[in-house]
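Below is protein.cif, which holds mmCIF, N, CA and C atoms, pLDDT in the B column; chains and numbers go by the auth columns.
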data_query
loop_
_atom_site.group_PDB
_atom_site.id
_atom_site.type_symbol
_atom_site.label_atom_id
_atom_site.label_comp_id
_atom_site.label_asym_id
_atom_site.label_seq_id
_atom_site.Cartn_x
_atom_site.Cartn_y
_atom_site.Cartn_z
_atom_site.B_iso_or_equiv
_atom_site.auth_seq_id
_atom_site.auth_asym_id
ATOM 1 N N MET A 1 -4.545 4.611 -6.215 87.00 1331 A
ATOM 2 C CA MET A 1 -4.145 3.650 -5.207 87.00 1331 A
ATOM 3 C C MET A 1 -3.416 4.327 -4.037 87.00 1331 A
ATOM 4 N N LEU A 2 -2.626 5.339 -4.364 88.00 1332 A
ATOM 5 C CA LEU A 2 -1.921 6.036 -3.290 88.00 1332 A
ATOM 6 C C LEU A 2 -2.896 6.773 -2.378 88.00 1332 A
ATOM 7 N N LYS A 3 -3.940 7.352 -2.968 94.00 1333 A
ATOM 8 C CA LYS A 3 -4.951 8.032 -2.161 94.00 1333 A
ATOM 9 C C LYS A 3 -5.688 7.026 -1.280 94.00 1333 A
ATOM 10 N N GLN A 4 -5.950 5.852 -1.824 95.00 1334 A
ATOM 11 C CA GLN A 4 -6.612 4.803 -1.051 95.00 1334 A
ATOM 12 C C GLN A 4 -5.727 4.368 0.118 95.00 1334 A
ATOM 13 N N LEU A 5 -4.431 4.246 -0.126 94.00 1335 A
ATOM 14 C CA LEU A 5 -3.496 3.866 0.938 94.00 1335 A
ATOM 15 C C LEU A 5 -3.444 4.948 2.017 94.00 1335 A
ATOM 16 N N GLN A 6 -3.413 6.202 1.602 96.00 1336 A
ATOM 17 C CA GLN A 6 -3.393 7.296 2.571 96.00 1336 A
ATOM 18 C C GLN A 6 -4.665 7.278 3.423 96.00 1336 A
ATOM 19 N N SER A 7 -5.793 7.021 2.792 96.00 1337 A
ATOM 20 C CA SER A 7 -7.065 6.941 3.504 96.00 1337 A
ATOM 21 C C SER A 7 -7.053 5.797 4.526 96.00 1337 A
ATOM 22 N N LEU A 8 -6.537 4.659 4.115 96.00 1338 A
ATOM 23 C CA LEU A 8 -6.438 3.519 5.034 96.00 1338 A
ATOM 24 C C LEU A 8 -5.516 3.821 6.205 96.00 1338 A
ATOM 25 N N ARG A 9 -4.439 4.512 5.925 95.00 1339 A
ATOM 26 C CA ARG A 9 -3.491 4.870 6.982 95.00 1339 A
ATOM 27 C C ARG A 9 -4.157 5.759 8.027 95.00 1339 A
ATOM 28 N N LEU A 10 -4.893 6.753 7.563 97.00 1340 A
ATOM 29 C CA LEU A 10 -5.592 7.647 8.492 97.00 1340 A
ATOM 30 C C LEU A 10 -6.649 6.888 9.294 97.00 1340 A
ATOM 31 N N LYS A 11 -7.383 6.031 8.608 97.00 1341 A
ATOM 32 C CA LYS A 11 -8.415 5.231 9.271 97.00 1341 A
ATOM 33 C C LYS A 11 -7.782 4.313 10.321 97.00 1341 A
ATOM 34 N N LEU A 12 -6.657 3.737 9.976 96.00 1342 A
ATOM 35 C CA LEU A 12 -5.939 2.851 10.887 96.00 1342 A
ATOM 36 C C LEU A 12 -5.547 3.593 12.164 96.00 1342 A
ATOM 37 N N HIS A 13 -4.990 4.781 12.007 96.00 1343 A
ATOM 38 C CA HIS A 13 -4.589 5.567 13.171 96.00 1343 A
ATOM 39 C C HIS A 13 -5.797 5.950 14.024 96.00 1343 A
ATOM 40 N N GLU A 14 -6.873 6.362 13.374 97.00 1344 A
ATOM 41 C CA GLU A 14 -8.068 6.769 14.110 97.00 1344 A
ATOM 42 C C GLU A 14 -8.647 5.613 14.924 97.00 1344 A
ATOM 43 N N ILE A 15 -8.775 4.460 14.286 97.00 1345 A
ATOM 44 C CA ILE A 15 -9.373 3.314 14.978 97.00 1345 A
ATOM 45 C C ILE A 15 -8.450 2.789 16.074 97.00 1345 A
ATOM 46 N N ALA A 16 -7.156 2.750 15.802 96.00 1346 A
ATOM 47 C CA ALA A 16 -6.204 2.280 16.819 96.00 1346 A
ATOM 48 C C ALA A 16 -6.244 3.197 18.035 96.00 1346 A
ATOM 49 N N GLU A 17 -6.328 4.489 17.790 97.00 1347 A
ATOM 50 C CA GLU A 17 -6.383 5.433 18.905 97.00 1347 A
ATOM 51 C C GLU A 17 -7.704 5.297 19.667 97.00 1347 A
ATOM 52 N N ALA A 18 -8.798 5.153 18.944 97.00 1348 A
ATOM 53 C CA ALA A 18 -10.113 5.032 19.580 97.00 1348 A
ATOM 54 C C ALA A 18 -10.227 3.742 20.387 97.00 1348 A
ATOM 55 N N ARG A 19 -9.671 2.663 19.856 96.00 1349 A
ATOM 56 C CA ARG A 19 -9.766 1.365 20.531 96.00 1349 A
ATOM 57 C C ARG A 19 -8.679 1.184 21.581 96.00 1349 A
ATOM 58 N N GLY A 20 -7.634 1.984 21.467 96.00 1350 A
ATOM 59 C CA GLY A 20 -6.541 1.899 22.434 96.00 1350 A
ATOM 60 C C GLY A 20 -5.707 0.643 22.296 96.00 1350 A
ATOM 61 N N SER A 21 -5.754 0.021 21.110 95.00 1351 A
ATOM 62 C CA SER A 21 -5.020 -1.234 20.928 95.00 1351 A
ATOM 63 C C SER A 21 -4.656 -1.426 19.458 95.00 1351 A
ATOM 64 N N LEU A 22 -3.430 -1.826 19.254 94.00 1352 A
ATOM 65 C CA LEU A 22 -3.000 -2.165 17.892 94.00 1352 A
ATOM 66 C C LEU A 22 -3.381 -3.589 17.514 94.00 1352 A
ATOM 67 N N THR A 23 -3.849 -4.355 18.483 96.00 1353 A
ATOM 68 C CA THR A 23 -4.220 -5.745 18.212 96.00 1353 A
ATOM 69 C C THR A 23 -5.734 -5.942 18.126 96.00 1353 A
ATOM 70 N N ASP A 24 -6.483 -4.834 18.142 96.00 1354 A
ATOM 71 C CA ASP A 24 -7.931 -4.916 17.963 96.00 1354 A
ATOM 72 C C ASP A 24 -8.218 -5.534 16.586 96.00 1354 A
ATOM 73 N N PRO A 25 -9.197 -6.416 16.479 97.00 1355 A
ATOM 74 C CA PRO A 25 -9.496 -7.072 15.199 97.00 1355 A
ATOM 75 C C PRO A 25 -9.771 -6.095 14.042 97.00 1355 A
ATOM 76 N N ASP A 26 -10.438 -4.978 14.327 96.00 1356 A
ATOM 77 C CA ASP A 26 -10.692 -3.996 13.265 96.00 1356 A
ATOM 78 C C ASP A 26 -9.406 -3.316 12.813 96.00 1356 A
ATOM 79 N N VAL A 27 -8.527 -3.040 13.763 97.00 1357 A
ATOM 80 C CA VAL A 27 -7.231 -2.437 13.432 97.00 1357 A
ATOM 81 C C VAL A 27 -6.412 -3.417 12.588 97.00 1357 A
ATOM 82 N N LEU A 28 -6.404 -4.662 12.977 97.00 1358 A
ATOM 83 C CA LEU A 28 -5.653 -5.679 12.230 97.00 1358 A
ATOM 84 C C LEU A 28 -6.213 -5.859 10.822 97.00 1358 A
ATOM 85 N N ALA A 29 -7.529 -5.802 10.685 97.00 1359 A
ATOM 86 C CA ALA A 29 -8.152 -5.961 9.362 97.00 1359 A
ATOM 87 C C ALA A 29 -7.754 -4.812 8.433 97.00 1359 A
ATOM 88 N N ILE A 30 -7.762 -3.601 8.952 96.00 1360 A
ATOM 89 C CA ILE A 30 -7.366 -2.453 8.132 96.00 1360 A
ATOM 90 C C ILE A 30 -5.884 -2.526 7.800 96.00 1360 A
ATOM 91 N N SER A 31 -5.089 -2.950 8.762 97.00 1361 A
ATOM 92 C CA SER A 31 -3.656 -3.101 8.526 97.00 1361 A
ATOM 93 C C SER A 31 -3.385 -4.124 7.429 97.00 1361 A
ATOM 94 N N GLU A 32 -4.120 -5.216 7.459 97.00 1362 A
ATOM 95 C CA GLU A 32 -3.959 -6.244 6.427 97.00 1362 A
ATOM 96 C C GLU A 32 -4.366 -5.708 5.055 97.00 1362 A
ATOM 97 N N GLU A 33 -5.443 -4.952 5.022 96.00 1363 A
ATOM 98 C CA GLU A 33 -5.886 -4.353 3.756 96.00 1363 A
ATOM 99 C C GLU A 33 -4.819 -3.394 3.217 96.00 1363 A
ATOM 100 N N ALA A 34 -4.242 -2.597 4.106 96.00 1364 A
ATOM 101 C CA ALA A 34 -3.178 -1.673 3.703 96.00 1364 A
ATOM 102 C C ALA A 34 -1.957 -2.447 3.205 96.00 1364 A
ATOM 103 N N ASP A 35 -1.613 -3.523 3.883 97.00 1365 A
ATOM 104 C CA ASP A 35 -0.484 -4.358 3.454 97.00 1365 A
ATOM 105 C C ASP A 35 -0.688 -4.898 2.047 97.00 1365 A
ATOM 106 N N GLN A 36 -1.895 -5.353 1.754 97.00 1366 A
ATOM 107 C CA GLN A 36 -2.192 -5.882 0.427 97.00 1366 A
ATOM 108 C C GLN A 36 -2.077 -4.795 -0.637 97.00 1366 A
ATOM 109 N N LEU A 37 -2.513 -3.601 -0.301 96.00 1367 A
ATOM 110 C CA LEU A 37 -2.408 -2.490 -1.232 96.00 1367 A
ATOM 111 C C LEU A 37 -0.949 -2.103 -1.456 96.00 1367 A
ATOM 112 N N ILE A 38 -0.164 -2.124 -0.398 96.00 1368 A
ATOM 113 C CA ILE A 38 1.269 -1.828 -0.523 96.00 1368 A
ATOM 114 C C ILE A 38 1.949 -2.833 -1.435 96.00 1368 A
ATOM 115 N N VAL A 39 1.639 -4.101 -1.282 96.00 1369 A
ATOM 116 C CA VAL A 39 2.220 -5.139 -2.139 96.00 1369 A
ATOM 117 C C VAL A 39 1.817 -4.903 -3.598 96.00 1369 A
ATOM 118 N N ALA A 40 0.565 -4.561 -3.836 95.00 1370 A
ATOM 119 C CA ALA A 40 0.097 -4.291 -5.201 95.00 1370 A
ATOM 120 C C ALA A 40 0.849 -3.097 -5.790 95.00 1370 A
ATOM 121 N N LEU A 41 1.044 -2.056 -5.000 94.00 1371 A
ATOM 122 C CA LEU A 41 1.785 -0.887 -5.471 94.00 1371 A
ATOM 123 C C LEU A 41 3.243 -1.235 -5.758 94.00 1371 A
ATOM 124 N N GLN A 42 3.837 -2.085 -4.948 94.00 1372 A
ATOM 125 C CA GLN A 42 5.214 -2.506 -5.188 94.00 1372 A
ATOM 126 C C GLN A 42 5.331 -3.300 -6.488 94.00 1372 A
ATOM 127 N N HIS A 43 4.341 -4.129 -6.783 95.00 1373 A
ATOM 128 C CA HIS A 43 4.345 -4.886 -8.042 95.00 1373 A
ATOM 129 C C HIS A 43 4.257 -3.932 -9.231 95.00 1373 A
ATOM 130 N N ILE A 44 3.401 -2.947 -9.129 93.00 1374 A
ATOM 131 C CA ILE A 44 3.267 -1.963 -10.203 93.00 1374 A
ATOM 132 C C ILE A 44 4.577 -1.219 -10.394 93.00 1374 A
ATOM 133 N N GLN A 45 5.171 -0.772 -9.296 91.00 1375 A
ATOM 134 C CA GLN A 45 6.432 -0.050 -9.366 91.00 1375 A
ATOM 135 C C GLN A 45 7.530 -0.913 -9.983 91.00 1375 A
ATOM 136 N N ARG A 46 7.592 -2.169 -9.567 90.00 1376 A
ATOM 137 C CA ARG A 46 8.605 -3.081 -10.104 90.00 1376 A
ATOM 138 C C ARG A 46 8.410 -3.271 -11.607 90.00 1376 A
ATOM 139 N N ASN A 47 7.156 -3.418 -12.033 89.00 1377 A
ATOM 140 C CA ASN A 47 6.865 -3.586 -13.458 89.00 1377 A
ATOM 141 C C ASN A 47 7.230 -2.340 -14.255 89.00 1377 A
ATOM 142 N N GLU A 48 6.975 -1.157 -13.689 86.00 1378 A
ATOM 143 C CA GLU A 48 7.330 0.081 -14.379 86.00 1378 A
ATOM 144 C C GLU A 48 8.837 0.203 -14.531 86.00 1378 A
ATOM 145 N N ILE A 49 9.581 -0.163 -13.498 83.00 1379 A
ATOM 146 C CA ILE A 49 11.043 -0.101 -13.564 83.00 1379 A
ATOM 147 C C ILE A 49 11.557 -1.090 -14.602 83.00 1379 A
ATOM 148 N N THR A 50 10.985 -2.280 -14.627 80.00 1380 A
ATOM 149 C CA THR A 50 11.382 -3.292 -15.605 80.00 1380 A
ATOM 150 C C THR A 50 11.076 -2.814 -17.022 80.00 1380 A
ATOM 151 N N ASP A 51 9.900 -2.223 -17.221 74.00 1381 A
ATOM 152 C CA ASP A 51 9.526 -1.712 -18.544 74.00 1381 A
ATOM 153 C C ASP A 51 10.482 -0.613 -19.001 74.00 1381 A
ATOM 154 N N LEU A 52 10.846 0.284 -18.087 72.00 1382 A
ATOM 155 C CA LEU A 52 11.785 1.348 -18.438 72.00 1382 A
ATOM 156 C C LEU A 52 13.148 0.774 -18.807 72.00 1382 A
ATOM 157 N N SER A 53 13.581 -0.223 -18.073 73.00 1383 A
ATOM 158 C CA SER A 53 14.868 -0.847 -18.348 73.00 1383 A
ATOM 159 C C SER A 53 14.864 -1.516 -19.716 73.00 1383 A
ATOM 160 N N ILE A 54 13.766 -2.183 -20.036 73.00 1384 A
ATOM 161 C CA ILE A 54 13.655 -2.867 -21.334 73.00 1384 A
ATOM 162 C C ILE A 54 13.667 -1.825 -22.458 73.00 1384 A
ATOM 163 N N ARG A 55 12.932 -0.741 -22.282 72.00 1385 A
ATOM 164 C CA ARG A 55 12.899 0.318 -23.318 72.00 1385 A
ATOM 165 C C ARG A 55 14.277 0.912 -23.534 72.00 1385 A
ATOM 166 N N ARG A 56 15.028 1.141 -22.451 72.00 1386 A
ATOM 167 C CA ARG A 56 16.373 1.682 -22.582 72.00 1386 A
ATOM 168 C C ARG A 56 17.267 0.714 -23.349 72.00 1386 A
ATOM 169 N N ASP A 57 17.115 -0.557 -23.052 68.00 1387 A
ATOM 170 C CA ASP A 57 17.940 -1.572 -23.722 68.00 1387 A
ATOM 171 C C ASP A 57 17.623 -1.660 -25.208 68.00 1387 A
ATOM 172 N N ASP A 58 16.379 -1.324 -25.578 69.00 1388 A
ATOM 173 C CA ASP A 58 15.981 -1.398 -26.973 69.00 1388 A
ATOM 174 C C ASP A 58 16.462 -0.200 -27.788 69.00 1388 A
ATOM 175 N N MET A 59 16.956 0.837 -27.140 64.00 1389 A
ATOM 176 C CA MET A 59 17.384 2.046 -27.862 64.00 1389 A
ATOM 177 C C MET A 59 18.714 1.876 -28.495 64.00 1389 A
#
Please render this file's structure as structure tokens.
Amino acid sequence: MLKQLQSLRLKLHEIAEARGSLTDPDVLAISEEADQLIVALQHIQRNEITDLSIRRDDM
């Protein structure tokens, strides 16, 4: 997922630079896709932290 996010970030920069606009529909679509991936990664991270906390409490 991190590699996918990095790829989207690079694509976002390339298209924004080529189009000369951060509000171009293609730029916005990629940005939205990246945002969704970031949220998914945050959920995973939060779950991992919660799991670690629960395991520590069980010791």
Checklist entry - In Å, with one decimal, what is the gap from atom C of Ile1345 in chain A to atom C of Val1357 in chain A? => result 7.4 Å
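The gap separating CA of Leu1371 in chain A from atom N of Lys1333 in chain A is 10.3 Å, in Å to one decimal.
Here CA of Arg1385 in chain A and atom C of His1373 in chain A stand 17.1 Å from one another.
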Checklist entry - Got a sec: who's within 8 Å of Leu1338 in chain A, counting all atoms listed in the file, leaving out chain neighbours fewer than 3 positions off, as a PyMOL selection string? => result chain A and resi 1332-1335+1341-1344+1360-1361+1363-1364
Hey, could you pull the box centre and edge lengths for range 1373-1377 of chain A, axis-aligned, 8 Å padding per side, all listed atoms, to one decimal in Å, as lines of an AutoDock Vina configuration file?
center_x = 5.9
center_y = -2.5
center_z = -10.5
size_x = 21.3
size_y = 20.8
size_z = 23.5
Checklist entry - For Met1331 in chain A, which residue among A:Ile1374, A:Gly1350, A:Glu1362, A:Thr1380 is the nearest when counting only C-alpha atoms? => result A:Ile1374
Write out N, CA, C and O atoms for range 1344-1367 of chain A, as a short mmCIF file (atom, residue, chain, number, x, y, z; two decimals), in the coordinates of the input.
data_model
loop_
_atom_site.label_atom_id
_atom_site.label_comp_id
_atom_site.auth_asym_id
_atom_site.auth_seq_id
_atom_site.Cartn_x
_atom_site.Cartn_y
_atom_site.Cartn_z
N GLU A 1344 -6.87 6.36 13.37
CA GLU A 1344 -8.07 6.77 14.11
C GLU A 1344 -8.65 5.61 14.92
O GLU A 1344 -8.97 5.77 16.11
N ILE A 1345 -8.78 4.46 14.29
CA ILE A 1345 -9.37 3.31 14.98
C ILE A 1345 -8.45 2.79 16.07
O ILE A 1345 -8.90 2.44 17.17
N ALA A 1346 -7.16 2.75 15.80
CA ALA A 1346 -6.20 2.28 16.82
C ALA A 1346 -6.24 3.20 18.04
O ALA A 1346 -6.22 2.72 19.18
N GLU A 1347 -6.33 4.49 17.79
CA GLU A 1347 -6.38 5.43 18.90
C GLU A 1347 -7.70 5.30 19.67
O GLU A 1347 -7.72 5.28 20.90
N ALA A 1348 -8.80 5.15 18.94
CA ALA A 1348 -10.11 5.03 19.58
C ALA A 1348 -10.23 3.74 20.39
O ALA A 1348 -10.81 3.73 21.48
N ARG A 1349 -9.67 2.66 19.86
CA ARG A 1349 -9.77 1.36 20.53
C ARG A 1349 -8.68 1.18 21.58
O ARG A 1349 -8.76 0.31 22.44
N GLY A 1350 -7.63 1.98 21.47
CA GLY A 1350 -6.54 1.90 22.43
C GLY A 1350 -5.71 0.64 22.30
O GLY A 1350 -5.03 0.24 23.23
N SER A 1351 -5.75 0.02 21.11
CA SER A 1351 -5.02 -1.23 20.93
C SER A 1351 -4.66 -1.43 19.46
O SER A 1351 -5.49 -1.24 18.57
N LEU A 1352 -3.43 -1.83 19.25
CA LEU A 1352 -3.00 -2.16 17.89
C LEU A 1352 -3.38 -3.59 17.51
O LEU A 1352 -3.24 -3.98 16.36
N THR A 1353 -3.85 -4.36 18.48
CA THR A 1353 -4.22 -5.74 18.21
C THR A 1353 -5.73 -5.94 18.13
O THR A 1353 -6.20 -7.07 18.04
N ASP A 1354 -6.48 -4.83 18.14
CA ASP A 1354 -7.93 -4.92 17.96
C ASP A 1354 -8.22 -5.53 16.59
O ASP A 1354 -7.54 -5.22 15.61
N PRO A 1355 -9.20 -6.42 16.48
CA PRO A 1355 -9.50 -7.07 15.20
C PRO A 1355 -9.77 -6.10 14.04
O PRO A 1355 -9.34 -6.34 12.92
N ASP A 1356 -10.44 -4.98 14.33
CA ASP A 1356 -10.69 -4.00 13.26
C ASP A 1356 -9.41 -3.32 12.81
O ASP A 1356 -9.21 -3.05 11.62
N VAL A 1357 -8.53 -3.04 13.76
CA VAL A 1357 -7.23 -2.44 13.43
C VAL A 1357 -6.41 -3.42 12.59
O VAL A 1357 -5.82 -3.04 11.57
N LEU A 1358 -6.40 -4.66 12.98
CA LEU A 1358 -5.65 -5.68 12.23
C LEU A 1358 -6.21 -5.86 10.82
O LEU A 1358 -5.45 -6.04 9.87
N ALA A 1359 -7.53 -5.80 10.68
CA ALA A 1359 -8.15 -5.96 9.36
C ALA A 1359 -7.75 -4.81 8.43
O ALA A 1359 -7.43 -5.04 7.26
N ILE A 1360 -7.76 -3.60 8.95
CA ILE A 1360 -7.37 -2.45 8.13
C ILE A 1360 -5.88 -2.53 7.80
O ILE A 1360 -5.47 -2.22 6.68
N SER A 1361 -5.09 -2.95 8.76
CA SER A 1361 -3.66 -3.10 8.53
C SER A 1361 -3.38 -4.12 7.43
O SER A 1361 -2.54 -3.91 6.55
N GLU A 1362 -4.12 -5.22 7.46
CA GLU A 1362 -3.96 -6.24 6.43
C GLU A 1362 -4.37 -5.71 5.06
O GLU A 1362 -3.69 -5.96 4.05
N GLU A 1363 -5.44 -4.95 5.02
CA GLU A 1363 -5.89 -4.35 3.76
C GLU A 1363 -4.82 -3.39 3.22
O GLU A 1363 -4.51 -3.40 2.02
N ALA A 1364 -4.24 -2.60 4.11
CA ALA A 1364 -3.18 -1.67 3.70
C ALA A 1364 -1.96 -2.45 3.20
O ALA A 1364 -1.35 -2.06 2.20
N ASP A 1365 -1.61 -3.52 3.88
CA ASP A 1365 -0.48 -4.36 3.45
C ASP A 1365 -0.69 -4.90 2.05
O ASP A 1365 0.23 -4.89 1.22
N GLN A 1366 -1.90 -5.35 1.75
CA GLN A 1366 -2.19 -5.88 0.43
C GLN A 1366 -2.08 -4.80 -0.64
O GLN A 1366 -1.57 -5.03 -1.74
N LEU A 1367 -2.51 -3.60 -0.30
CA LEU A 1367 -2.41 -2.49 -1.23
C LEU A 1367 -0.95 -2.10 -1.46
O LEU A 1367 -0.54 -1.83 -2.59
#
